[in-house]
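Listing of target06.pdb; format and content: PDB, C-alpha atoms.
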MODEL        1
ATOM      1  CA  MET A   1     -67.578  -7.049  77.621  1.00  0.00           C
ATOM      2  CA  PHE A   2     -71.114  -5.927  78.330  1.00  0.00           C
ATOM      3  CA  PRO A   3     -72.015  -5.097  74.695  1.00  0.00           C
ATOM      4  CA  ARG A   4     -70.568  -8.428  73.581  1.00  0.00           C
ATOM      5  CA  THR A   5     -72.558 -10.269  76.252  1.00  0.00           C
ATOM      6  CA  LEU A   6     -75.701  -8.408  75.251  1.00  0.00           C
ATOM      7  CA  SER A   7     -75.147  -9.236  71.584  1.00  0.00           C
ATOM      8  CA  MET A   8     -74.630 -12.899  72.394  1.00  0.00           C
ATOM      9  CA  GLY A   9     -77.771 -12.888  74.503  1.00  0.00           C
ATOM     10  CA  LEU A  10     -79.815 -11.351  71.720  1.00  0.00           C
ATOM     11  CA  ALA A  11     -78.403 -13.832  69.237  1.00  0.00           C
ATOM     12  CA  PHE A  12     -79.362 -16.691  71.557  1.00  0.00           C
ATOM     13  CA  LEU A  13     -82.897 -15.363  71.906  1.00  0.00           C
ATOM     14  CA  CYS A  14     -83.253 -15.024  68.131  1.00  0.00           C
ATOM     15  CA  LEU A  15     -81.941 -18.550  67.599  1.00  0.00           C
ATOM     16  CA  SER A  16     -84.333 -19.873  70.235  1.00  0.00           C
ATOM     17  CA  ALA A  17     -87.255 -18.130  68.553  1.00  0.00           C
ATOM     18  CA  ILE A  18     -86.299 -19.599  65.180  1.00  0.00           C
ATOM     19  CA  THR A  19     -85.954 -23.064  66.724  1.00  0.00           C
ATOM     20  CA  LEU A  20     -89.362 -22.802  68.389  1.00  0.00           C
ATOM     21  CA  GLN A  21     -90.937 -21.620  65.130  1.00  0.00           C
ATOM     22  CA  ALA A  22     -89.369 -24.538  63.282  1.00  0.00           C
ATOM     23  CA  ALA A  23     -90.720 -26.898  65.919  1.00  0.00           C
ATOM     24  CA  ASP A  24     -94.192 -25.381  65.531  1.00  0.00           C
ATOM     25  CA  ASP A  25     -93.971 -25.793  61.760  1.00  0.00           C
ATOM     26  CA  LYS A  26     -93.191 -29.487  62.229  1.00  0.00           C
ATOM     27  CA  LYS A  27     -96.149 -30.117  64.521  1.00  0.00           C
ATOM     28  CA  PRO A  28     -98.518 -32.621  62.901  1.00  0.00           C
ATOM     29  CA  ALA A  29    -101.733 -31.150  61.563  1.00  0.00           C
ATOM     30  CA  PHE A  30    -105.002 -32.067  63.197  1.00  0.00           C
ATOM     31  CA  LYS A  31    -106.235 -35.489  62.111  1.00  0.00           C
ATOM     32  CA  SER A  32    -109.422 -33.771  61.021  1.00  0.00           C
ATOM     33  CA  VAL A  33    -107.617 -31.905  58.218  1.00  0.00           C
ATOM     34  CA  THR A  34    -105.207 -34.648  57.128  1.00  0.00           C
ATOM     35  CA  PRO A  35    -106.609 -36.685  54.195  1.00  0.00           C
ATOM     36  CA  GLU A  36    -107.061 -40.334  55.096  1.00  0.00           C
ATOM     37  CA  SER A  37    -108.658 -43.332  53.427  1.00  0.00           C
ATOM     38  CA  ARG A  38    -110.160 -46.262  55.312  1.00  0.00           C
ATOM     39  CA  LYS A  39    -109.111 -49.894  55.156  1.00  0.00           C
ATOM     40  CA  ALA A  40    -112.548 -51.477  55.418  1.00  0.00           C
ATOM     41  CA  ALA A  41    -113.309 -53.576  52.334  1.00  0.00           C
ATOM     42  CA  TRP A  42    -116.861 -52.248  52.023  1.00  0.00           C
ATOM     43  CA  TRP A  43    -115.558 -48.676  52.068  1.00  0.00           C
ATOM     44  CA  THR A  44    -113.074 -49.267  49.255  1.00  0.00           C
ATOM     45  CA  LYS A  45    -115.732 -51.129  47.288  1.00  0.00           C
ATOM     46  CA  ARG A  46    -118.184 -48.262  47.730  1.00  0.00           C
ATOM     47  CA  HIS A  47    -115.566 -45.740  46.644  1.00  0.00           C
ATOM     48  CA  ASP A  48    -114.825 -47.739  43.483  1.00  0.00           C
ATOM     49  CA  LYS A  49    -118.524 -48.119  42.741  1.00  0.00           C
ATOM     50  CA  LYS A  50    -119.147 -44.408  43.220  1.00  0.00           C
ATOM     51  CA  LEU A  51    -116.396 -43.624  40.711  1.00  0.00           C
ATOM     52  CA  ALA A  52    -118.023 -45.987  38.219  1.00  0.00           C
ATOM     53  CA  ASP A  53    -121.508 -44.604  38.906  1.00  0.00           C
ATOM     54  CA  LEU A  54    -120.205 -41.094  38.430  1.00  0.00           C
ATOM     55  CA  LYS A  55    -118.931 -41.922  34.955  1.00  0.00           C
ATOM     56  CA  ALA A  56    -122.205 -43.608  34.088  1.00  0.00           C
ATOM     57  CA  GLN A  57    -124.392 -40.753  35.322  1.00  0.00           C
ATOM     58  CA  LYS A  58    -122.275 -38.077  33.626  1.00  0.00           C
ATOM     59  CA  THR A  59    -124.489 -35.155  34.679  1.00  0.00           C
ATOM     60  CA  VAL A  60    -124.692 -34.245  38.362  1.00  0.00           C
ATOM     61  CA  ASP A  61    -126.616 -31.132  39.359  1.00  0.00           C
ATOM     62  CA  LEU A  62    -127.084 -31.860  43.060  1.00  0.00           C
ATOM     63  CA  LEU A  63    -124.318 -33.478  45.109  1.00  0.00           C
ATOM     64  CA  MET A  64    -124.805 -34.808  48.654  1.00  0.00           C
ATOM     65  CA  ILE A  65    -121.634 -35.185  50.737  1.00  0.00           C
ATOM     66  CA  GLY A  66    -121.363 -36.648  54.221  1.00  0.00           C
ATOM     67  CA  ASP A  67    -121.252 -39.612  56.572  1.00  0.00           C
ATOM     68  CA  SER A  68    -123.773 -42.306  57.566  1.00  0.00           C
ATOM     69  CA  ILE A  69    -126.565 -39.767  57.898  1.00  0.00           C
ATOM     70  CA  THR A  70    -126.117 -38.813  54.238  1.00  0.00           C
ATOM     71  CA  HIS A  71    -125.417 -42.452  53.299  1.00  0.00           C
ATOM     72  CA  GLY A  72    -128.851 -43.203  54.754  1.00  0.00           C
ATOM     73  CA  TRP A  73    -130.613 -41.546  51.825  1.00  0.00           C
ATOM     74  CA  GLU A  74    -129.972 -44.886  50.111  1.00  0.00           C
ATOM     75  CA  ASN A  75    -131.916 -46.929  52.686  1.00  0.00           C
ATOM     76  CA  ARG A  76    -134.102 -45.330  55.377  1.00  0.00           C
ATOM     77  CA  GLY A  77    -134.319 -42.145  53.332  1.00  0.00           C
ATOM     78  CA  LYS A  78    -134.867 -43.842  49.987  1.00  0.00           C
ATOM     79  CA  ALA A  79    -138.535 -42.894  49.662  1.00  0.00           C
ATOM     80  CA  ALA A  80    -137.847 -39.246  50.475  1.00  0.00           C
ATOM     81  CA  TRP A  81    -134.904 -39.235  48.053  1.00  0.00           C
ATOM     82  CA  SER A  82    -137.141 -40.542  45.276  1.00  0.00           C
ATOM     83  CA  GLU A  83    -139.702 -37.851  45.991  1.00  0.00           C
ATOM     84  CA  PHE A  84    -137.357 -34.882  46.344  1.00  0.00           C
ATOM     85  CA  TYR A  85    -134.183 -35.659  44.406  1.00  0.00           C
ATOM     86  CA  ALA A  86    -134.652 -38.445  41.856  1.00  0.00           C
ATOM     87  CA  ASN A  87    -135.514 -35.988  39.065  1.00  0.00           C
ATOM     88  CA  ARG A  88    -132.719 -33.546  39.902  1.00  0.00           C
ATOM     89  CA  ASN A  89    -129.649 -35.433  38.685  1.00  0.00           C
ATOM     90  CA  ALA A  90    -128.657 -35.970  42.310  1.00  0.00           C
ATOM     91  CA  PHE A  91    -125.650 -38.008  43.422  1.00  0.00           C
ATOM     92  CA  ASN A  92    -124.920 -39.258  46.931  1.00  0.00           C
ATOM     93  CA  ILE A  93    -121.389 -39.640  48.310  1.00  0.00           C
ATOM     94  CA  GLY A  94    -122.205 -40.177  51.956  1.00  0.00           C
ATOM     95  CA  TYR A  95    -120.225 -42.946  53.693  1.00  0.00           C
ATOM     96  CA  SER A  96    -121.140 -44.495  57.013  1.00  0.00           C
ATOM     97  CA  GLY A  97    -118.539 -43.784  59.692  1.00  0.00           C
ATOM     98  CA  ASP A  98    -116.666 -41.107  57.776  1.00  0.00           C
ATOM     99  CA  ARG A  99    -114.989 -38.221  59.504  1.00  0.00           C
ATOM    100  CA  THR A 100    -113.808 -34.989  57.901  1.00  0.00           C
ATOM    101  CA  GLU A 101    -110.423 -36.432  56.936  1.00  0.00           C
ATOM    102  CA  HIS A 102    -112.085 -39.256  54.992  1.00  0.00           C
ATOM    103  CA  VAL A 103    -114.244 -36.838  53.021  1.00  0.00           C
ATOM    104  CA  ILE A 104    -111.177 -34.764  52.162  1.00  0.00           C
ATOM    105  CA  TRP A 105    -109.431 -37.892  50.866  1.00  0.00           C
ATOM    106  CA  ARG A 106    -112.411 -38.945  48.776  1.00  0.00           C
ATOM    107  CA  LEU A 107    -112.827 -35.522  47.210  1.00  0.00           C
ATOM    108  CA  GLN A 108    -109.147 -35.575  46.297  1.00  0.00           C
ATOM    109  CA  HIS A 109    -109.387 -39.068  44.791  1.00  0.00           C
ATOM    110  CA  GLY A 110    -111.919 -38.857  42.018  1.00  0.00           C
ATOM    111  CA  GLU A 111    -115.332 -38.493  43.608  1.00  0.00           C
ATOM    112  CA  ILE A 112    -115.934 -35.021  42.185  1.00  0.00           C
ATOM    113  CA  ASP A 113    -113.793 -35.249  39.072  1.00  0.00           C
ATOM    114  CA  GLY A 114    -115.414 -34.559  35.724  1.00  0.00           C
ATOM    115  CA  ILE A 115    -118.614 -33.045  37.114  1.00  0.00           C
ATOM    116  CA  ALA A 116    -119.904 -29.515  37.663  1.00  0.00           C
ATOM    117  CA  PRO A 117    -122.835 -29.642  40.094  1.00  0.00           C
ATOM    118  CA  LYS A 118    -124.996 -26.596  40.554  1.00  0.00           C
ATOM    119  CA  LEU A 119    -125.137 -27.305  44.281  1.00  0.00           C
ATOM    120  CA  ALA A 120    -123.285 -29.444  46.816  1.00  0.00           C
ATOM    121  CA  VAL A 121    -124.961 -30.135  50.161  1.00  0.00           C
ATOM    122  CA  ILE A 122    -122.564 -31.023  52.973  1.00  0.00           C
ATOM    123  CA  MET A 123    -123.040 -32.301  56.477  1.00  0.00           C
ATOM    124  CA  ILE A 124    -120.062 -33.868  58.222  1.00  0.00           C
ATOM    125  CA  GLY A 125    -118.473 -33.888  61.648  1.00  0.00           C
ATOM    126  CA  THR A 126    -120.590 -35.944  64.022  1.00  0.00           C
ATOM    127  CA  ASN A 127    -118.155 -38.875  63.800  1.00  0.00           C
ATOM    128  CA  ASN A 128    -115.254 -36.599  64.693  1.00  0.00           C
ATOM    129  CA  THR A 129    -117.318 -35.940  67.799  1.00  0.00           C
ATOM    130  CA  GLY A 130    -118.471 -39.492  68.441  1.00  0.00           C
ATOM    131  CA  HIS A 131    -115.288 -41.403  67.620  1.00  0.00           C
ATOM    132  CA  ARG A 132    -112.635 -39.141  69.143  1.00  0.00           C
ATOM    133  CA  GLN A 133    -114.501 -36.313  70.820  1.00  0.00           C
ATOM    134  CA  ASP A 134    -112.420 -33.918  68.741  1.00  0.00           C
ATOM    135  CA  PRO A 135    -112.621 -30.332  69.985  1.00  0.00           C
ATOM    136  CA  ALA A 136    -115.167 -28.376  67.969  1.00  0.00           C
ATOM    137  CA  GLU A 137    -112.520 -26.111  66.478  1.00  0.00           C
ATOM    138  CA  GLN A 138    -110.580 -29.083  65.079  1.00  0.00           C
ATOM    139  CA  THR A 139    -113.648 -30.518  63.372  1.00  0.00           C
ATOM    140  CA  ALA A 140    -114.496 -27.057  62.056  1.00  0.00           C
ATOM    141  CA  ALA A 141    -110.976 -26.873  60.612  1.00  0.00           C
ATOM    142  CA  GLY A 142    -111.649 -30.148  58.788  1.00  0.00           C
ATOM    143  CA  ILE A 143    -114.885 -28.775  57.375  1.00  0.00           C
ATOM    144  CA  LYS A 144    -113.088 -25.638  56.262  1.00  0.00           C
ATOM    145  CA  LYS A 145    -110.547 -27.818  54.456  1.00  0.00           C
ATOM    146  CA  ILE A 146    -113.387 -29.610  52.666  1.00  0.00           C
ATOM    147  CA  LEU A 147    -114.739 -26.258  51.505  1.00  0.00           C
ATOM    148  CA  GLU A 148    -111.289 -25.331  50.224  1.00  0.00           C
ATOM    149  CA  VAL A 149    -111.050 -28.566  48.222  1.00  0.00           C
ATOM    150  CA  LEU A 150    -114.491 -27.965  46.750  1.00  0.00           C
ATOM    151  CA  LYS A 151    -113.599 -24.405  45.811  1.00  0.00           C
ATOM    152  CA  LYS A 152    -110.490 -25.602  44.014  1.00  0.00           C
ATOM    153  CA  LYS A 153    -112.096 -28.532  42.199  1.00  0.00           C
ATOM    154  CA  LEU A 154    -115.618 -27.157  41.702  1.00  0.00           C
ATOM    155  CA  PRO A 155    -115.177 -23.380  41.522  1.00  0.00           C
ATOM    156  CA  ARG A 156    -118.619 -22.740  40.037  1.00  0.00           C
ATOM    157  CA  THR A 157    -120.541 -24.997  42.413  1.00  0.00           C
ATOM    158  CA  ARG A 158    -122.546 -23.434  45.199  1.00  0.00           C
ATOM    159  CA  VAL A 159    -122.319 -25.075  48.596  1.00  0.00           C
ATOM    160  CA  LEU A 160    -125.060 -25.555  51.161  1.00  0.00           C
ATOM    161  CA  LEU A 161    -123.308 -26.277  54.448  1.00  0.00           C
ATOM    162  CA  LEU A 162    -125.689 -27.874  56.923  1.00  0.00           C
ATOM    163  CA  ALA A 163    -125.325 -27.608  60.664  1.00  0.00           C
ATOM    164  CA  VAL A 164    -124.294 -30.939  62.158  1.00  0.00           C
ATOM    165  CA  PHE A 165    -127.482 -32.616  63.343  1.00  0.00           C
ATOM    166  CA  PRO A 166    -128.301 -32.869  67.053  1.00  0.00           C
ATOM    167  CA  ARG A 167    -127.465 -36.097  68.847  1.00  0.00           C
ATOM    168  CA  GLY A 168    -128.214 -37.405  72.313  1.00  0.00           C
ATOM    169  CA  ALA A 169    -131.526 -37.086  74.107  1.00  0.00           C
ATOM    170  CA  THR A 170    -131.172 -33.697  75.773  1.00  0.00           C
ATOM    171  CA  THR A 171    -129.519 -30.312  75.403  1.00  0.00           C
ATOM    172  CA  ASP A 172    -126.908 -31.151  78.050  1.00  0.00           C
ATOM    173  CA  ASP A 173    -125.683 -34.265  76.238  1.00  0.00           C
ATOM    174  CA  LYS A 174    -121.893 -34.059  76.067  1.00  0.00           C
ATOM    175  CA  LEU A 175    -121.626 -34.974  72.394  1.00  0.00           C
ATOM    176  CA  ARG A 176    -124.467 -32.696  71.394  1.00  0.00           C
ATOM    177  CA  LYS A 177    -122.675 -29.801  73.046  1.00  0.00           C
ATOM    178  CA  ILE A 178    -119.600 -30.524  70.929  1.00  0.00           C
ATOM    179  CA  ASN A 179    -121.730 -30.555  67.783  1.00  0.00           C
ATOM    180  CA  ASP A 180    -123.297 -27.266  68.862  1.00  0.00           C
ATOM    181  CA  GLY A 181    -119.797 -25.836  69.142  1.00  0.00           C
ATOM    182  CA  ILE A 182    -118.968 -27.021  65.630  1.00  0.00           C
ATOM    183  CA  ASN A 183    -122.073 -25.302  64.301  1.00  0.00           C
ATOM    184  CA  LYS A 184    -121.189 -22.020  65.981  1.00  0.00           C
ATOM    185  CA  SER A 185    -117.838 -22.122  64.199  1.00  0.00           C
ATOM    186  CA  ILE A 186    -118.858 -23.241  60.731  1.00  0.00           C
ATOM    187  CA  ARG A 187    -121.724 -20.810  60.261  1.00  0.00           C
ATOM    188  CA  GLY A 188    -119.028 -18.193  59.843  1.00  0.00           C
ATOM    189  CA  PHE A 189    -117.751 -20.005  56.739  1.00  0.00           C
ATOM    190  CA  ALA A 190    -120.783 -18.840  54.746  1.00  0.00           C
ATOM    191  CA  ASP A 191    -120.311 -15.839  52.493  1.00  0.00           C
ATOM    192  CA  GLY A 192    -123.893 -15.657  51.218  1.00  0.00           C
ATOM    193  CA  LYS A 193    -122.659 -16.011  47.662  1.00  0.00           C
ATOM    194  CA  ARG A 194    -120.886 -19.283  47.033  1.00  0.00           C
ATOM    195  CA  VAL A 195    -121.216 -20.876  50.475  1.00  0.00           C
ATOM    196  CA  HIS A 196    -124.510 -20.838  52.362  1.00  0.00           C
ATOM    197  CA  PHE A 197    -125.184 -22.128  55.884  1.00  0.00           C
ATOM    198  CA  LEU A 198    -128.443 -23.725  56.995  1.00  0.00           C
ATOM    199  CA  ASN A 199    -129.360 -24.962  60.466  1.00  0.00           C
ATOM    200  CA  ILE A 200    -132.514 -27.090  60.449  1.00  0.00           C
ATOM    201  CA  ASN A 201    -131.839 -28.779  63.791  1.00  0.00           C
ATOM    202  CA  ALA A 202    -134.928 -27.333  65.461  1.00  0.00           C
ATOM    203  CA  THR A 203    -136.978 -29.369  62.986  1.00  0.00           C
ATOM    204  CA  PHE A 204    -136.067 -32.553  64.834  1.00  0.00           C
ATOM    205  CA  LEU A 205    -136.351 -31.298  68.425  1.00  0.00           C
ATOM    206  CA  ASP A 206    -139.312 -30.770  70.729  1.00  0.00           C
ATOM    207  CA  ASP A 207    -139.976 -27.507  72.555  1.00  0.00           C
ATOM    208  CA  ASP A 208    -137.562 -28.491  75.342  1.00  0.00           C
ATOM    209  CA  GLY A 209    -134.760 -29.301  72.920  1.00  0.00           C
ATOM    210  CA  LYS A 210    -135.168 -33.037  73.396  1.00  0.00           C
ATOM    211  CA  LEU A 211    -134.510 -35.345  70.459  1.00  0.00           C
ATOM    212  CA  PRO A 212    -137.420 -37.790  70.079  1.00  0.00           C
ATOM    213  CA  LYS A 213    -136.722 -41.434  69.293  1.00  0.00           C
ATOM    214  CA  SER A 214    -139.708 -41.255  66.977  1.00  0.00           C
ATOM    215  CA  VAL A 215    -137.443 -39.250  64.647  1.00  0.00           C
ATOM    216  CA  MET A 216    -133.988 -40.647  65.466  1.00  0.00           C
ATOM    217  CA  PRO A 217    -134.424 -44.013  67.222  1.00  0.00           C
ATOM    218  CA  ASP A 218    -130.742 -44.255  68.205  1.00  0.00           C
ATOM    219  CA  LEU A 219    -130.546 -40.511  68.955  1.00  0.00           C
ATOM    220  CA  LEU A 220    -128.204 -40.055  66.001  1.00  0.00           C
ATOM    221  CA  HIS A 221    -129.597 -41.380  62.700  1.00  0.00           C
ATOM    222  CA  PRO A 222    -132.954 -40.305  61.247  1.00  0.00           C
ATOM    223  CA  ASN A 223    -135.572 -42.921  60.462  1.00  0.00           C
ATOM    224  CA  GLU A 224    -137.856 -42.687  57.427  1.00  0.00           C
ATOM    225  CA  LYS A 225    -139.900 -39.974  59.136  1.00  0.00           C
ATOM    226  CA  GLY A 226    -136.721 -38.090  59.997  1.00  0.00           C
ATOM    227  CA  TYR A 227    -135.512 -38.144  56.397  1.00  0.00           C
ATOM    228  CA  ARG A 228    -138.801 -36.713  55.189  1.00  0.00           C
ATOM    229  CA  MET A 229    -138.525 -33.962  57.800  1.00  0.00           C
ATOM    230  CA  TRP A 230    -134.964 -33.264  56.660  1.00  0.00           C
ATOM    231  CA  ALA A 231    -135.898 -33.121  52.981  1.00  0.00           C
ATOM    232  CA  ALA A 232    -138.867 -30.836  53.617  1.00  0.00           C
ATOM    233  CA  ALA A 233    -136.865 -28.488  55.850  1.00  0.00           C
ATOM    234  CA  GLN A 234    -134.050 -27.922  53.374  1.00  0.00           C
ATOM    235  CA  GLU A 235    -136.212 -27.945  50.250  1.00  0.00           C
ATOM    236  CA  PRO A 236    -136.902 -24.173  50.057  1.00  0.00           C
ATOM    237  CA  THR A 237    -133.180 -23.411  50.264  1.00  0.00           C
ATOM    238  CA  ILE A 238    -132.185 -26.125  47.798  1.00  0.00           C
ATOM    239  CA  LYS A 239    -134.874 -25.016  45.360  1.00  0.00           C
ATOM    240  CA  LYS A 240    -133.705 -21.415  45.596  1.00  0.00           C
ATOM    241  CA  LEU A 241    -130.007 -22.208  45.151  1.00  0.00           C
ATOM    242  CA  LEU A 242    -130.601 -24.557  42.219  1.00  0.00           C
ATOM    243  CA  ALA A 243    -132.697 -21.920  40.464  1.00  0.00           C
ATOM    244  CA  GLU A 244    -130.192 -19.087  40.804  1.00  0.00           C
TER     245      GLU A 244
ENDMDL
END
Let's see the structure in the file written out as structure tokens.
Amino acid sequence: MFPRTLSMGLAFLCLSAITLQAADDKKPAFKSVTPESRKAAWWTKRHDKKLADLKAQKTVDLLMIGDSITHGWENRGKAAWSEFYANRNAFNIGYSGDRTEHVIWRLQHGEIDGIAPKLAVIMIGTNNTGHRQDPAEQTAAGIKKILEVLKKKLPRTRVLLLAVFPRGATTDDKLRKINDGINKSIRGFADGKRVHFLNINATFLDDDGKLPKSVMPDLLHPNEKGYRMWAAAQEPTIKKLLAE
């Protein structure tokens, strides 16, 4: 009887392990990696317009991808954009309020079809932090998914992955700490060949790590001065990567 009992016990353990594995496989993926569009009318309208603009522009050498901070090149950062990027066949697909899952959806629905940029600059993740306080590793997983989509759709495009900008007044700000955690994770995504990582956050901070309102009045979005600082800080790297 003992061998039979032992065999039945082992069979039960194996079945339990298989059941648990199946349950794990059915667990929903993080929201940060699951493609999702947004229902806001302005967002859909912007997406449609970007698709039309993309066809009209035809040649894109420099692609900017992100959320409201990238979107802001079209308003508060307009002067800096004209100075640094207007003559570089640049194209902006930053959308206010976007999280990683929204960028994934957009990249999979036409926003990089039919182009072959030399360089794509990405900064995304602060809304994952601000809207849901996603753990840093979940947002990093979303950013990794974005890189995978870019590699598949734009295999010859180099990527400049920017550290998520600082937010909040001081170094102990809860949301800034989450962003710092994201940056620690995503810097490891760089391979020095196709994907490059750049952290220019110190550009915006004072010696004590405080974020001045003279650069980001709401402690999140750069003003005109902030956009010029951003453009100047990343210019040497962009120039180098576009030339290679």
*Taking the file as shown, what set of residues would the PyMOL selection byres ((chain A and resi 194-204) around 6) give back, as number ranges by chain?*
A: 158-163, 165, 187, 190-193, 205
*Report the residues retrieved by the PyMOL selection byres ((chain A and resi 228) around 10) from the displayed file, expressed as an MDAnalysis selection string.*
chainID A and resid 76:81 83:84 215 222:227 229:233
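Going from atom CA of A:Gly97 to atom CA of A:Thr44 covers 13.0 Å.
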*How many Å separate atom CA of A:Leu107 from atom CA of A:Thr34?*
12.5 Å
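Across the structure, atom CA of A:Trp105 and atom CA of A:Lys177 are spaced 27.1 Å apart.
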Considering only C-alpha atoms, give me a table of residues in stretch 104-127 of chain A that are at most 10 Å from stretch 48-64 of chain A, with the closest atom pair and distance in Å for each, as JSON lines.
{"residue": "A:His109", "atom": "CA", "partner": "A:Leu51", "partner_atom": "CA", "distance": 9.3}
{"residue": "A:Gly110", "atom": "CA", "partner": "A:Leu51", "partner_atom": "CA", "distance": 6.7}
{"residue": "A:Glu111", "atom": "CA", "partner": "A:Leu51", "partner_atom": "CA", "distance": 6.0}
{"residue": "A:Ile112", "atom": "CA", "partner": "A:Leu54", "partner_atom": "CA", "distance": 8.3}
{"residue": "A:Asp113", "atom": "CA", "partner": "A:Leu54", "partner_atom": "CA", "distance": 8.7}
{"residue": "A:Gly114", "atom": "CA", "partner": "A:Lys58", "partner_atom": "CA", "distance": 8.0}
{"residue": "A:Ile115", "atom": "CA", "partner": "A:Val60", "partner_atom": "CA", "distance": 6.3}
{"residue": "A:Ala116", "atom": "CA", "partner": "A:Val60", "partner_atom": "CA", "distance": 6.8}
{"residue": "A:Pro117", "atom": "CA", "partner": "A:Asp61", "partner_atom": "CA", "distance": 4.1}
{"residue": "A:Lys118", "atom": "CA", "partner": "A:Asp61", "partner_atom": "CA", "distance": 5.0}
{"residue": "A:Leu119", "atom": "CA", "partner": "A:Leu62", "partner_atom": "CA", "distance": 5.1}
{"residue": "A:Ala120", "atom": "CA", "partner": "A:Leu63", "partner_atom": "CA", "distance": 4.5}
{"residue": "A:Val121", "atom": "CA", "partner": "A:Met64", "partner_atom": "CA", "distance": 4.9}
{"residue": "A:Ile122", "atom": "CA", "partner": "A:Met64", "partner_atom": "CA", "distance": 6.2}
{"residue": "A:Met123", "atom": "CA", "partner": "A:Met64", "partner_atom": "CA", "distance": 8.4}
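Among the candidates A:Ala169, A:Leu241, A:Ile143, A:Val164, the residue lying nearest to A:Lys31 is A:Ile143 (atoms considered: only C-alpha atoms).
Applied to the shown file, the PyMOL selection byres ((chain A and resi 133-142) around 7) selects the residues Phe30, Ser32, Val33, Thr100, Glu101, Gly125, Asn128, Thr129, Gly130, His131, Arg132, Ile143, Lys144, Lys145, Ile146, Ile178, Asn179, Gly181, Ile182, Ser185 and Ile186 of chain A.
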Go ahead and dump the residues you just picked, C-alpha atoms, as a short mmCIF file (atom, residue, chain, number, x, y, z; two decimals), in the frame of the given file.
data_model
loop_
_atom_site.label_atom_id
_atom_site.label_comp_id
_atom_site.auth_asym_id
_atom_site.auth_seq_id
_atom_site.Cartn_x
_atom_site.Cartn_y
_atom_site.Cartn_z
CA PHE A 30 -105.00 -32.07 63.20
CA SER A 32 -109.42 -33.77 61.02
CA VAL A 33 -107.62 -31.90 58.22
CA THR A 100 -113.81 -34.99 57.90
CA GLU A 101 -110.42 -36.43 56.94
CA GLY A 125 -118.47 -33.89 61.65
CA ASN A 128 -115.25 -36.60 64.69
CA THR A 129 -117.32 -35.94 67.80
CA GLY A 130 -118.47 -39.49 68.44
CA HIS A 131 -115.29 -41.40 67.62
CA ARG A 132 -112.64 -39.14 69.14
CA ILE A 143 -114.88 -28.78 57.38
CA LYS A 144 -113.09 -25.64 56.26
CA LYS A 145 -110.55 -27.82 54.46
CA ILE A 146 -113.39 -29.61 52.67
CA ILE A 178 -119.60 -30.52 70.93
CA ASN A 179 -121.73 -30.56 67.78
CA GLY A 181 -119.80 -25.84 69.14
CA ILE A 182 -118.97 -27.02 65.63
CA SER A 185 -117.84 -22.12 64.20
CA ILE A 186 -118.86 -23.24 60.73
#
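Shortest atom-to-atom contact with A:Pro217 among A:Lys45, A:Lys240, A:Lys174, A:Arg167: A:Arg167, counting only C-alpha atoms.
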Could you put an axis-aligned box around every listed atom of stretch 198-217 of chain A, padded by 5 Å on each side, and send me its centre and edge lengths in Å to one decimal, as AutoDock Vina command-line options?
--center_x -134.2 --center_y -33.9 --center_z 66.2 --size_x 21.5 --size_y 30.3 --size_z 28.3
